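Participant: Pasting protein_19.pdb here (PDB, C-alpha atoms, pLDDT in the B column):
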```pdb
ATOM      1  CA  MET R   1      17.665  10.159   6.094  1.00 84.00           C
ATOM      2  CA  LEU R   2      14.800  11.388   8.306  1.00 97.00           C
ATOM      3  CA  GLU R   3      15.363  14.430  10.508  1.00 97.00           C
ATOM      4  CA  ALA R   4      14.270  14.741  14.137  1.00 98.00           C
ATOM      5  CA  GLU R   5      11.168  16.793  13.321  1.00 98.00           C
ATOM      6  CA  GLN R   6      10.067  14.186  10.773  1.00 98.00           C
ATOM      7  CA  LEU R   7      10.445  11.407  13.324  1.00 98.00           C
ATOM      8  CA  ASP R   8       8.463  13.503  15.813  1.00 98.00           C
ATOM      9  CA  ALA R   9       5.719  14.065  13.222  1.00 98.00           C
ATOM     10  CA  PHE R  10       5.469  10.338  12.539  1.00 98.00           C
ATOM     11  CA  GLY R  11       5.240   9.609  16.256  1.00 98.00           C
ATOM     12  CA  ARG R  12       2.482  12.203  16.642  1.00 98.00           C
ATOM     13  CA  ASP R  13       0.435  11.467  13.509  1.00 98.00           C
ATOM     14  CA  GLY R  14       1.249   7.870  12.612  1.00 98.00           C
ATOM     15  CA  GLN R  15       1.987   9.108   9.079  1.00 98.00           C
ATOM     16  CA  LEU R  16       4.729  11.025   7.295  1.00 98.00           C
ATOM     17  CA  THR R  17       5.092  12.215   3.680  1.00 98.00           C
ATOM     18  CA  VAL R  18       8.592  12.520   2.202  1.00 98.00           C
ATOM     19  CA  PRO R  19       8.603  14.123  -1.275  1.00 96.00           C
ATOM     20  CA  ASP R  20      11.014  13.230  -4.076  1.00 91.00           C
ATOM     21  CA  LEU R  21      12.667  10.237  -2.427  1.00 97.00           C
ATOM     22  CA  PHE R  22      12.881   8.547  -5.833  1.00 98.00           C
ATOM     23  CA  GLY R  23      14.222  10.138  -9.008  1.00 97.00           C
ATOM     24  CA  ALA R  24      12.401  10.410 -12.345  1.00 97.00           C
ATOM     25  CA  GLU R  25      14.554   7.702 -13.932  1.00 97.00           C
ATOM     26  CA  GLN R  26      13.618   5.163 -11.237  1.00 97.00           C
ATOM     27  CA  ILE R  27       9.913   5.957 -11.543  1.00 98.00           C
ATOM     28  CA  ASP R  28      10.010   5.847 -15.357  1.00 98.00           C
ATOM     29  CA  GLY R  29      11.689   2.433 -15.191  1.00 97.00           C
ATOM     30  CA  ALA R  30       9.045   1.111 -12.807  1.00 98.00           C
ATOM     31  CA  LEU R  31       6.206   2.342 -15.020  1.00 98.00           C
ATOM     32  CA  ALA R  32       7.781   0.774 -18.116  1.00 97.00           C
ATOM     33  CA  ASP R  33       8.070  -2.516 -16.249  1.00 97.00           C
ATOM     34  CA  LEU R  34       4.456  -2.220 -15.087  1.00 97.00           C
ATOM     35  CA  ALA R  35       3.339  -1.896 -18.735  1.00 96.00           C
ATOM     36  CA  GLU R  36       5.245  -5.070 -19.623  1.00 97.00           C
ATOM     37  CA  TRP R  37       3.829  -6.949 -16.646  1.00 96.00           C
ATOM     38  CA  ASP R  38       0.306  -5.814 -17.502  1.00 95.00           C
ATOM     39  CA  ALA R  39       0.615  -7.310 -20.994  1.00 95.00           C
ATOM     40  CA  GLU R  40       2.205 -10.555 -19.766  1.00 95.00           C
ATOM     41  CA  PHE R  41      -0.307 -11.145 -16.977  1.00 95.00           C
ATOM     42  CA  ARG R  42      -3.305 -10.242 -19.128  1.00 93.00           C
ATOM     43  CA  ALA R  43      -2.295 -12.926 -21.652  1.00 93.00           C
ATOM     44  CA  THR R  44      -2.542 -15.688 -19.028  1.00 93.00           C
ATOM     45  CA  ILE R  45      -5.057 -14.391 -16.464  1.00 93.00           C
ATOM     46  CA  THR R  46      -7.627 -16.877 -15.164  1.00 94.00           C
ATOM     47  CA  ASP R  47     -11.317 -16.257 -14.487  1.00 91.00           C
ATOM     48  CA  GLN R  48     -10.642 -16.292 -10.740  1.00 90.00           C
ATOM     49  CA  GLU R  49      -7.822 -13.772 -11.116  1.00 93.00           C
ATOM     50  CA  ARG R  50     -10.111 -11.488 -13.136  1.00 92.00           C
ATOM     51  CA  GLN R  51     -12.451 -11.336 -10.132  1.00 89.00           C
ATOM     52  CA  TRP R  52      -9.585 -10.269  -7.890  1.00 87.00           C
ATOM     53  CA  TYR R  53      -7.537  -7.955 -10.096  1.00 93.00           C
ATOM     54  CA  LEU R  54      -9.691  -6.302 -12.781  1.00 93.00           C
ATOM     55  CA  GLU R  55     -11.878  -3.250 -12.327  1.00 89.00           C
ATOM     56  CA  ASP R  56     -14.608  -5.013 -14.323  1.00 91.00           C
ATOM     57  CA  PRO R  57     -14.175  -8.800 -14.150  1.00 91.00           C
ATOM     58  CA  SER R  58     -16.707  -9.331 -16.949  1.00 92.00           C
ATOM     59  CA  ASP R  59     -14.511  -7.411 -19.417  1.00 91.00           C
ATOM     60  CA  PRO R  60     -11.151  -9.056 -20.301  1.00 88.00           C
ATOM     61  CA  ALA R  61      -9.884  -5.669 -21.524  1.00 89.00           C
ATOM     62  CA  SER R  62     -10.767  -3.942 -18.244  1.00 92.00           C
ATOM     63  CA  PRO R  63      -7.855  -2.140 -16.561  1.00 92.00           C
ATOM     64  CA  PHE R  64      -6.219  -3.735 -13.562  1.00 93.00           C
ATOM     65  CA  ARG R  65      -7.215  -2.281 -10.212  1.00 91.00           C
ATOM     66  CA  LYS R  66      -4.129  -3.824  -8.565  1.00 94.00           C
ATOM     67  CA  LEU R  67      -1.341  -6.376  -8.930  1.00 96.00           C
ATOM     68  CA  ASP R  68       0.227  -8.321  -6.069  1.00 96.00           C
ATOM     69  CA  ASN R  69       3.858  -8.927  -5.075  1.00 97.00           C
ATOM     70  CA  PRO R  70       5.677  -6.752  -7.647  1.00 98.00           C
ATOM     71  CA  VAL R  71       8.839  -6.810  -5.517  1.00 98.00           C
ATOM     72  CA  PHE R  72       8.931 -10.605  -5.681  1.00 97.00           C
ATOM     73  CA  HIS R  73       8.043 -10.861  -9.372  1.00 97.00           C
ATOM     74  CA  ARG R  74       9.702  -7.833 -10.978  1.00 97.00           C
ATOM     75  CA  ALA R  75      13.328  -6.666 -10.770  1.00 96.00           C
ATOM     76  CA  ALA R  76      12.443  -2.992 -11.337  1.00 97.00           C
ATOM     77  CA  PHE R  77      10.278  -2.934  -8.222  1.00 98.00           C
ATOM     78  CA  ARG R  78      12.835  -4.909  -6.217  1.00 97.00           C
ATOM     79  CA  GLY R  79      15.235  -2.099  -7.101  1.00 97.00           C
ATOM     80  CA  LEU R  80      12.838   0.490  -5.664  1.00 98.00           C
ATOM     81  CA  ALA R  81      12.407  -1.535  -2.465  1.00 98.00           C
ATOM     82  CA  THR R  82      16.146  -1.829  -1.869  1.00 98.00           C
ATOM     83  CA  THR R  83      16.941   1.844  -2.535  1.00 98.00           C
ATOM     84  CA  PRO R  84      19.252   2.815   0.363  1.00 98.00           C
ATOM     85  CA  ALA R  85      17.387   6.044   1.217  1.00 98.00           C
ATOM     86  CA  LEU R  86      14.104   4.139   1.551  1.00 98.00           C
ATOM     87  CA  VAL R  87      15.605   1.326   3.630  1.00 98.00           C
ATOM     88  CA  GLU R  88      17.317   3.806   5.935  1.00 98.00           C
ATOM     89  CA  ALA R  89      14.054   5.668   6.532  1.00 98.00           C
ATOM     90  CA  VAL R  90      12.165   2.432   7.204  1.00 98.00           C
ATOM     91  CA  GLU R  91      14.758   1.321   9.758  1.00 98.00           C
ATOM     92  CA  GLN R  92      14.638   4.694  11.476  1.00 98.00           C
ATOM     93  CA  LEU R  93      10.901   4.238  11.968  1.00 98.00           C
ATOM     94  CA  ILE R  94      10.655   0.561  13.008  1.00 98.00           C
ATOM     95  CA  GLY R  95      14.199  -0.551  13.799  1.00 98.00           C
ATOM     96  CA  LYS R  96      17.123  -2.325  12.164  1.00 98.00           C
ATOM     97  CA  GLY R  97      16.678  -5.518  10.191  1.00 98.00           C
ATOM     98  CA  VAL R  98      13.542  -5.631   8.007  1.00 98.00           C
ATOM     99  CA  THR R  99      11.788  -7.905   5.535  1.00 98.00           C
ATOM    100  CA  LEU R 100       9.407  -6.809   2.811  1.00 98.00           C
ATOM    101  CA  PHE R 101       6.742  -9.461   3.208  1.00 97.00           C
ATOM    102  CA  PHE R 102       4.098  -8.141   0.801  1.00 97.00           C
ATOM    103  CA  SER R 103       3.844  -5.515  -1.926  1.00 98.00           C
ATOM    104  CA  GLN R 104       1.035  -4.268  -4.141  1.00 97.00           C
ATOM    105  CA  LEU R 105       0.600  -2.092  -7.197  1.00 97.00           C
ATOM    106  CA  PHE R 106      -2.551   0.034  -7.132  1.00 95.00           C
ATOM    107  CA  CYS R 107      -3.495   1.229 -10.613  1.00 95.00           C
ATOM    108  CA  LYS R 108      -6.635   3.339  -9.911  1.00 93.00           C
ATOM    109  CA  PRO R 109      -7.431   4.024 -13.588  1.00 92.00           C
ATOM    110  CA  PRO R 110      -8.862   7.357 -14.785  1.00 93.00           C
ATOM    111  CA  GLU R 111     -12.505   7.939 -13.874  1.00 86.00           C
ATOM    112  CA  VAL R 112     -13.150   4.278 -12.935  1.00 85.00           C
ATOM    113  CA  GLY R 113     -10.673   3.683 -10.100  1.00 82.00           C
ATOM    114  CA  GLY R 114     -12.872   3.337  -7.039  1.00 81.00           C
ATOM    115  CA  PRO R 115     -12.400   4.338  -3.386  1.00 77.00           C
ATOM    116  CA  LYS R 116     -10.989   2.171  -0.616  1.00 84.00           C
ATOM    117  CA  PRO R 117     -12.825   2.463   2.722  1.00 87.00           C
ATOM    118  CA  VAL R 118     -11.230   3.209   6.095  1.00 93.00           C
ATOM    119  CA  HIS R 119      -9.049   0.364   7.368  1.00 93.00           C
ATOM    120  CA  GLN R 120      -5.903  -0.551   9.307  1.00 96.00           C
ATOM    121  CA  ASP R 121      -3.103  -2.546   7.702  1.00 96.00           C
ATOM    122  CA  ASN R 122      -2.406  -4.339  10.975  1.00 96.00           C
ATOM    123  CA  PHE R 123      -5.849  -5.950  10.827  1.00 92.00           C
ATOM    124  CA  TYR R 124      -4.998  -7.421   7.443  1.00 90.00           C
ATOM    125  CA  PHE R 125      -1.540  -8.623   8.506  1.00 95.00           C
ATOM    126  CA  ALA R 126      -1.764  -9.257  12.303  1.00 96.00           C
ATOM    127  CA  PRO R 127       1.884  -8.732  13.264  1.00 97.00           C
ATOM    128  CA  SER R 128       3.033 -10.057  16.639  1.00 98.00           C
ATOM    129  CA  ASP R 129       4.279  -6.517  17.437  1.00 98.00           C
ATOM    130  CA  THR R 130       1.992  -3.812  16.076  1.00 97.00           C
ATOM    131  CA  ASP R 131       4.865  -1.284  16.102  1.00 98.00           C
ATOM    132  CA  ALA R 132       7.028  -3.560  13.927  1.00 98.00           C
ATOM    133  CA  LEU R 133       5.026  -3.106  10.719  1.00 98.00           C
ATOM    134  CA  LEU R 134       5.394  -0.117   8.401  1.00 98.00           C
ATOM    135  CA  THR R 135       3.681   0.651   5.110  1.00 98.00           C
ATOM    136  CA  THR R 136       5.482   2.742   2.511  1.00 98.00           C
ATOM    137  CA  TRP R 137       3.243   4.109  -0.261  1.00 98.00           C
ATOM    138  CA  ILE R 138       5.189   5.338  -3.310  1.00 98.00           C
ATOM    139  CA  ALA R 139       3.547   7.639  -5.857  1.00 98.00           C
ATOM    140  CA  LEU R 140       4.282   6.528  -9.437  1.00 98.00           C
ATOM    141  CA  ASP R 141       2.008   9.379 -10.551  1.00 98.00           C
ATOM    142  CA  ALA R 142       1.381  12.520  -8.548  1.00 97.00           C
ATOM    143  CA  ALA R 143      -1.403  11.611  -6.090  1.00 97.00           C
ATOM    144  CA  THR R 144      -3.938  14.408  -5.622  1.00 96.00           C
ATOM    145  CA  GLU R 145      -7.325  14.821  -4.003  1.00 96.00           C
ATOM    146  CA  GLU R 146      -8.909  14.677  -7.470  1.00 96.00           C
ATOM    147  CA  ASN R 147      -7.275  11.425  -8.586  1.00 96.00           C
ATOM    148  CA  GLY R 148      -7.556   9.479  -5.340  1.00 94.00           C
ATOM    149  CA  CYS R 149      -4.764  10.237  -2.867  1.00 96.00           C
ATOM    150  CA  LEU R 150      -4.753   8.606   0.561  1.00 97.00           C
ATOM    151  CA  TYR R 151      -6.471  10.159   3.576  1.00 97.00           C
ATOM    152  CA  TYR R 152      -5.286   9.508   7.142  1.00 97.00           C
ATOM    153  CA  GLY R 153      -6.804   9.664  10.578  1.00 96.00           C
ATOM    154  CA  HIS R 154      -3.885  11.390  12.285  1.00 96.00           C
ATOM    155  CA  GLY R 155      -3.181   9.996  15.736  1.00 95.00           C
ATOM    156  CA  SER R 156      -5.286   6.885  15.161  1.00 95.00           C
ATOM    157  CA  HIS R 157      -2.178   4.669  15.376  1.00 96.00           C
ATOM    158  CA  ARG R 158      -2.678   4.868  19.155  1.00 95.00           C
ATOM    159  CA  GLU R 159      -5.885   2.839  18.732  1.00 91.00           C
ATOM    160  CA  GLN R 160      -5.771  -0.909  19.190  1.00 93.00           C
ATOM    161  CA  VAL R 161      -6.264  -3.113  16.156  1.00 94.00           C
ATOM    162  CA  LEU R 162      -9.986  -2.747  15.477  1.00 91.00           C
ATOM    163  CA  GLU R 163     -12.483  -5.265  14.184  1.00 87.00           C
ATOM    164  CA  HIS R 164     -13.203  -4.939  10.470  1.00 88.00           C
ATOM    165  CA  THR R 165     -16.114  -6.081   8.336  1.00 83.00           C
ATOM    166  CA  ALA R 166     -16.520  -6.647   4.594  1.00 79.00           C
ATOM    167  CA  PRO R 167     -19.436  -6.616   2.158  1.00 79.00           C
ATOM    168  CA  GLU R 168     -20.645 -10.145   1.464  1.00 75.00           C
ATOM    169  CA  ALA R 169     -19.613 -10.040  -2.203  1.00 71.00           C
ATOM    170  CA  GLU R 170     -16.240  -8.360  -1.479  1.00 74.00           C
ATOM    171  CA  PRO R 171     -14.355 -10.373   1.149  1.00 70.00           C
ATOM    172  CA  PHE R 172     -11.134  -8.514   0.283  1.00 70.00           C
ATOM    173  CA  ASN R 173     -12.706  -5.118   1.067  1.00 78.00           C
ATOM    174  CA  LEU R 174     -12.182  -5.121   4.844  1.00 82.00           C
ATOM    175  CA  GLN R 175     -13.109  -1.896   6.604  1.00 87.00           C
ATOM    176  CA  VAL R 176     -13.609  -0.289   9.997  1.00 90.00           C
ATOM    177  CA  PRO R 177     -17.270   0.292  10.981  1.00 84.00           C
ATOM    178  CA  ALA R 178     -18.314   3.838  10.100  1.00 83.00           C
ATOM    179  CA  ALA R 179     -19.175   4.776  13.700  1.00 85.00           C
ATOM    180  CA  ILE R 180     -15.607   4.060  14.812  1.00 84.00           C
ATOM    181  CA  ALA R 181     -13.965   5.652  11.778  1.00 85.00           C
ATOM    182  CA  ALA R 182     -15.959   8.849  12.441  1.00 88.00           C
ATOM    183  CA  LYS R 183     -13.852   9.469  15.570  1.00 88.00           C
ATOM    184  CA  TYR R 184     -10.939  10.432  13.358  1.00 89.00           C
ATOM    185  CA  PRO R 185     -11.412  13.107  10.686  1.00 92.00           C
ATOM    186  CA  MET R 186      -9.596  12.065   7.536  1.00 95.00           C
ATOM    187  CA  THR R 187      -6.851  14.394   6.290  1.00 96.00           C
ATOM    188  CA  PRO R 188      -5.767  14.200   2.633  1.00 97.00           C
ATOM    189  CA  ALA R 189      -2.103  13.403   2.004  1.00 97.00           C
ATOM    190  CA  PRO R 190      -1.175  14.376  -1.577  1.00 97.00           C
ATOM    191  CA  VAL R 191       2.148  12.866  -2.658  1.00 98.00           C
ATOM    192  CA  PRO R 192       4.222  14.158  -5.587  1.00 98.00           C
ATOM    193  CA  ARG R 193       5.515  11.709  -8.176  1.00 98.00           C
ATOM    194  CA  GLY R 194       8.464   9.877  -6.630  1.00 98.00           C
ATOM    195  CA  GLY R 195       7.426  10.806  -3.091  1.00 98.00           C
ATOM    196  CA  VAL R 196       6.611   8.377  -0.295  1.00 98.00           C
ATOM    197  CA  SER R 197       3.930   8.291   2.394  1.00 98.00           C
ATOM    198  CA  PHE R 198       4.965   6.237   5.426  1.00 98.00           C
ATOM    199  CA  HIS R 199       2.321   5.040   7.872  1.00 98.00           C
ATOM    200  CA  HIS R 200       2.086   2.929  11.013  1.00 98.00           C
ATOM    201  CA  GLY R 201       0.188  -0.335  10.684  1.00 98.00           C
ATOM    202  CA  ASN R 202      -2.539   0.847  13.078  1.00 97.00           C
ATOM    203  CA  THR R 203      -3.151   4.183  11.336  1.00 97.00           C
ATOM    204  CA  LEU R 204      -6.664   4.487   9.926  1.00 96.00           C
ATOM    205  CA  HIS R 205      -6.569   5.416   6.256  1.00 96.00           C
ATOM    206  CA  GLN R 206      -8.626   5.361   3.077  1.00 94.00           C
ATOM    207  CA  SER R 207      -8.420   6.492  -0.519  1.00 93.00           C
ATOM    208  CA  SER R 208     -10.950   8.330  -2.641  1.00 89.00           C
ATOM    209  CA  ALA R 209     -12.122   7.541  -6.182  1.00 91.00           C
ATOM    210  CA  ASN R 210     -10.189   8.741  -9.207  1.00 94.00           C
ATOM    211  CA  ARG R 211     -12.330  11.540 -10.633  1.00 94.00           C
ATOM    212  CA  SER R 212      -9.634  12.746 -13.032  1.00 95.00           C
ATOM    213  CA  ALA R 213      -8.640  11.863 -16.596  1.00 94.00           C
ATOM    214  CA  GLN R 214      -5.223  10.653 -15.398  1.00 92.00           C
ATOM    215  CA  PRO R 215      -4.178   7.380 -13.708  1.00 93.00           C
ATOM    216  CA  ARG R 216      -3.141   7.316 -10.065  1.00 96.00           C
ATOM    217  CA  ARG R 217      -0.613   4.518  -9.940  1.00 97.00           C
ATOM    218  CA  ALA R 218       1.233   3.721  -6.734  1.00 98.00           C
ATOM    219  CA  VAL R 219       3.202   0.855  -5.248  1.00 98.00           C
ATOM    220  CA  THR R 220       2.945  -0.138  -1.608  1.00 98.00           C
ATOM    221  CA  PHE R 221       5.711  -1.933   0.288  1.00 98.00           C
ATOM    222  CA  HIS R 222       4.820  -3.552   3.610  1.00 98.00           C
ATOM    223  CA  PHE R 223       7.888  -3.935   5.832  1.00 98.00           C
ATOM    224  CA  LEU R 224       8.147  -6.035   8.996  1.00 98.00           C
ATOM    225  CA  ARG R 225      10.980  -5.928  11.510  1.00 98.00           C
ATOM    226  CA  ASN R 226      12.757  -9.275  11.500  1.00 98.00           C
ATOM    227  CA  ASP R 227      12.048 -10.048  15.169  1.00 98.00           C
ATOM    228  CA  SER R 228       8.289  -9.970  14.497  1.00 98.00           C
ATOM    229  CA  LYS R 229       5.986 -12.276  12.526  1.00 97.00           C
ATOM    230  CA  LEU R 230       2.459 -12.441  11.139  1.00 97.00           C
ATOM    231  CA  VAL R 231       0.298 -14.287  13.672  1.00 96.00           C
ATOM    232  CA  ASP R 232      -3.195 -14.684  12.211  1.00 90.00           C
ATOM    233  CA  PRO R 233      -3.625 -12.500   9.109  1.00 93.00           C
ATOM    234  CA  ALA R 234      -7.110 -11.790   7.801  1.00 86.00           C
ATOM    235  CA  LEU R 235      -6.125 -12.876   4.275  1.00 83.00           C
ATOM    236  CA  PRO R 236      -3.532 -15.491   3.246  1.00 87.00           C
ATOM    237  CA  TYR R 237      -0.005 -14.300   2.438  1.00 90.00           C
ATOM    238  CA  ASP R 238       2.599 -16.609   0.924  1.00 94.00           C
ATOM    239  CA  PRO R 239       5.841 -16.394   2.950  1.00 93.00           C
ATOM    240  CA  ALA R 240       7.713 -17.538  -0.152  1.00 95.00           C
ATOM    241  CA  HIS R 241       7.038 -14.098  -1.660  1.00 96.00           C
ATOM    242  CA  ALA R 242       8.802 -12.260   1.182  1.00 97.00           C
ATOM    243  CA  VAL R 243      12.099 -10.506   0.369  1.00 97.00           C
ATOM    244  CA  LYS R 244      14.571  -9.969   3.202  1.00 97.00           C
ATOM    245  CA  ILE R 245      15.973  -6.455   2.872  1.00 97.00           C
ATOM    246  CA  SER R 246      18.366  -6.104   5.808  1.00 96.00           C
TER
END
```
Kindly transcribe the structure held in the file into C-alpha cells.

Facilitator:
Amino acid sequence: MLEAEQLDAFGRDGQLTVPDLFGAEQIDGALADLAEWDAEFRATITDQERQWYLEDPSDPASPFRKLDNPVFHRAAFRGLATTPALVEAVEQLIGKGVTLFFSQLFCKPPEVGGPKPVHQDNFYFAPSDTDALLTTWIALDAATEENGCLYYGHGSHREQVLEHTAPEAEPFNLQVPAAIAAKYPMTPAPVPRGGVSFHHGNTLHQSSANRSAQPRRAVTFHFLRNDSKLVDPALPYDPAHAVKIS
C-alpha cells in the first residue's frame, strides 16, 4: 500500500497524508449511519453525556462535538476500520497484528466547532511501547484550513511523552504547555474527503476552529500493535470496546 518514499516521510515527520484511500460510496454510507446514530443517541442522552458530547450542554438541540467508539457501536464504521488498504498501511507503519482499541467521531459543526490545543495521543493512551500506537484520521468531509484541519509539529514524534495540563472545568482537554509546543511550528495538513492522515502517537498536533459554513466531520481510529498494551492512560478506556483487526 505505502511506497518507500511515504514510509520515509512518516519516519521523518511523524505524519503522513494519503488522499482518496476510501471511495465516495464508503464515505456516504458512513455519513448516513452517523445521521442515524445522532438521532438515536440524542433521544436517550443523559445530562452527564450532554456535558461530554454536545457543543453547548445547556441546549438539548446543540450539535454533537464528538461521539465515542463508532467502530464498536456501528457496523458502517467497523467496515471502514477493516478496509484492507487501511489495515495494510497501518501494519506497514507499526507492524503486523493490530487492535483498534478506541475510535472517535469529531463533528466540528459549522462556525461553532472549536479548536483542539496541542497534544500527544500517547499521553492520553500511555502505550507500553510508544512506537506501537498509530492514529489514523479519516476525512468524512474535505478538511481545510478554514474548516478546522489538523496541524502537526513535524519531527516532534522524536520527543518523549510530555506532561499535559487541562483547564479546571475541562478535564478532557489535555494539552502540552505553550512554551514546549512553541518549539515545533505547526504545519497544516488538509485532507480531501476520503483521505487519511496517519500520525505517530508522540507527534504534537492540534486542530483549528471551524470558521466555515460547512461541517468538518472526521473519524479517528487508534490502532495498537498486539504485543503492546495501555499502561496508565490519562482517561479511562473500556477494553470491552476494543476490536481486534489482525

Participant: Check which residues satisfy the PyMOL selection byres ((chain R and resi 65) around 6) in the file shown, then give them as an MDAnalysis selection string.

Facilitator: chainID R and resid 53:55 64 66 107:108

Participant: Identify all residues satisfying the PyMOL selection byres ((chain R and resi 197) around 9) in the given file; provide them as an mmCIF file with C-alpha atoms, keeping the file's coordinate frame.

Facilitator:
```cif
data_model
loop_
_atom_site.group_PDB
_atom_site.id
_atom_site.type_symbol
_atom_site.label_atom_id
_atom_site.label_comp_id
_atom_site.auth_asym_id
_atom_site.auth_seq_id
_atom_site.Cartn_x
_atom_site.Cartn_y
_atom_site.Cartn_z
ATOM 1 C CA GLN R 15 1.987 9.108 9.079
ATOM 2 C CA LEU R 16 4.729 11.025 7.295
ATOM 3 C CA THR R 17 5.092 12.215 3.680
ATOM 4 C CA VAL R 18 8.592 12.520 2.202
ATOM 5 C CA PRO R 19 8.603 14.123 -1.275
ATOM 6 C CA THR R 135 3.681 0.651 5.110
ATOM 7 C CA THR R 136 5.482 2.742 2.511
ATOM 8 C CA TRP R 137 3.243 4.109 -0.261
ATOM 9 C CA ILE R 138 5.189 5.338 -3.310
ATOM 10 C CA ALA R 139 3.547 7.639 -5.857
ATOM 11 C CA LEU R 150 -4.753 8.606 0.561
ATOM 12 C CA ALA R 189 -2.103 13.403 2.004
ATOM 13 C CA PRO R 190 -1.175 14.376 -1.577
ATOM 14 C CA VAL R 191 2.148 12.866 -2.658
ATOM 15 C CA GLY R 195 7.426 10.806 -3.091
ATOM 16 C CA VAL R 196 6.611 8.377 -0.295
ATOM 17 C CA PHE R 198 4.965 6.237 5.426
ATOM 18 C CA HIS R 199 2.321 5.040 7.872
#
```

Participant: Calculated over all atoms listed in the file, which of the candidates R:Asp38, R:Glu146, R:Glu91, R:Glu159 has the smallest distance to R:Arg211?

Facilitator: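 Closest to R:Arg211, using all atoms listed in the file: R:Glu146.
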
Participant: Smallest atom-to-atom distance to R:His119: which of R:His157, R:His205, R:Arg216, R:Arg225, using all atoms listed in the file?

Facilitator: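 Closest candidate: R:His205.
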
Participant: Can you list what the PyMOL selection byres ((chain R and resi 45-49) around 12) grabs from this structure, as a list in words?

Facilitator: Trp37, Asp38, Ala39, Glu40, Phe41, Arg42, Ala43, Thr44, Arg50, Gln51, Trp52, Tyr53, Leu54, Glu55, Asp56, Pro57, Ser58, Asp59, Pro60, Ala61, Phe64, Arg65, Lys66, Leu67 and Asp68 of chain R

Participant: Just give me the gap between atom CA of R:Ala143 and atom CA of R:Glu88 in Å, one decimal is fine.

Facilitator: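 Straight-line distance from atom CA of R:Ala143 to atom CA of R:Glu88 works out to 23.6 Å.
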
Participant: Which residues are close to R:Arg12, i.e. within 10 Å by only C-alpha atoms, leaving aside same-chain residues fewer than 5 positions away? Reply as a VMD selection string.

Facilitator: chain R and resid 6 to 7 154 to 158

Participant: Using all atoms listed in the file, which of the listed residues (R:Pro233, R:Gly97, R:Pro239, R:Pro110) sits closest to R:Ser212?

Facilitator: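 Of the candidates, the smallest distance to R:Ser212 is held by R:Pro110.
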
Participant: Record the distance separating atom CA of R:Asp131 and atom CA of R:Lys244, expressed in Å with one decimal.

Facilitator: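 Value for the atom CA of R:Asp131-atom CA of R:Lys244 distance: 18.3 Å.
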
Participant: Is it possible to get the residues within 12 Å of (4.6, 3.5, -8.4) (coordinates as in the file, counting all atoms listed in the file) written as a PyMOL selection string?

Facilitator: chain R and resi 22-24+26-35+66-67+70-71+76-78+80-81+103-108+136-143+191-197+215-221

Participant: Using all atoms listed in the file, which of the listed residues (R:Met186, R:Ala234, R:Ala242, R:Leu2) sits closest to R:Thr165?

Facilitator: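 Comparing R:Met186, R:Ala234, R:Ala242, R:Leu2 against R:Thr165, the winner is R:Ala234.
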
Participant: Any idea what's packed within 12 Å of R:Asn122, counting all atoms listed in the file, ignoring anything in its chain fewer than 5 positions away? Could you give it as number ranges by chain?

Facilitator: R: 127-135, 157, 159-164, 174-176, 199-205, 222-224, 229-235

Participant: Between atom CA of R:Asn226 and atom CA of R:His241, what is the distance in Å, rounded to a tenth?

Facilitator: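 Interatomic distance, atom CA of R:Asn226 to atom CA of R:His241: 15.1 Å.
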
Participant: Could you give me the axis-aligned bounding box of stretch 73-89 of chain R, with 3 Å of padding per side, as centre plus edge lengths in Å to one decimal, as lines of an AutoDock Vina configuration file?

Facilitator:
```
center_x = 13.6
center_y = -2.4
center_z = -2.4
size_x = 17.2
size_y = 22.9
size_z = 23.9
```

Participant: With distances taken over all atoms listed in the file, which of R:Ser62, R:Lys183, R:Asp227, R:Gln92 is nearest to R:Asp8?

Facilitator: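 Closest to R:Asp8 of all the choices is R:Gln92.
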
Participant: In the coordinate frame of the file, compute which residues have an atom within 6 Å of (16.6, -5.7, 7.5) when using only C-alpha atoms, and state them as an NGL selection string.

Facilitator: :R and (96-99 or 245-246)

Participant: Using only C-alpha atoms, pick whichever of R:Ala209, R:Val90, R:Asp13, R:Tyr237 has the shortest atom-to-atom distance to R:Gly153.

Facilitator: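 Result for the nearest residue to R:Gly153: R:Asp13.
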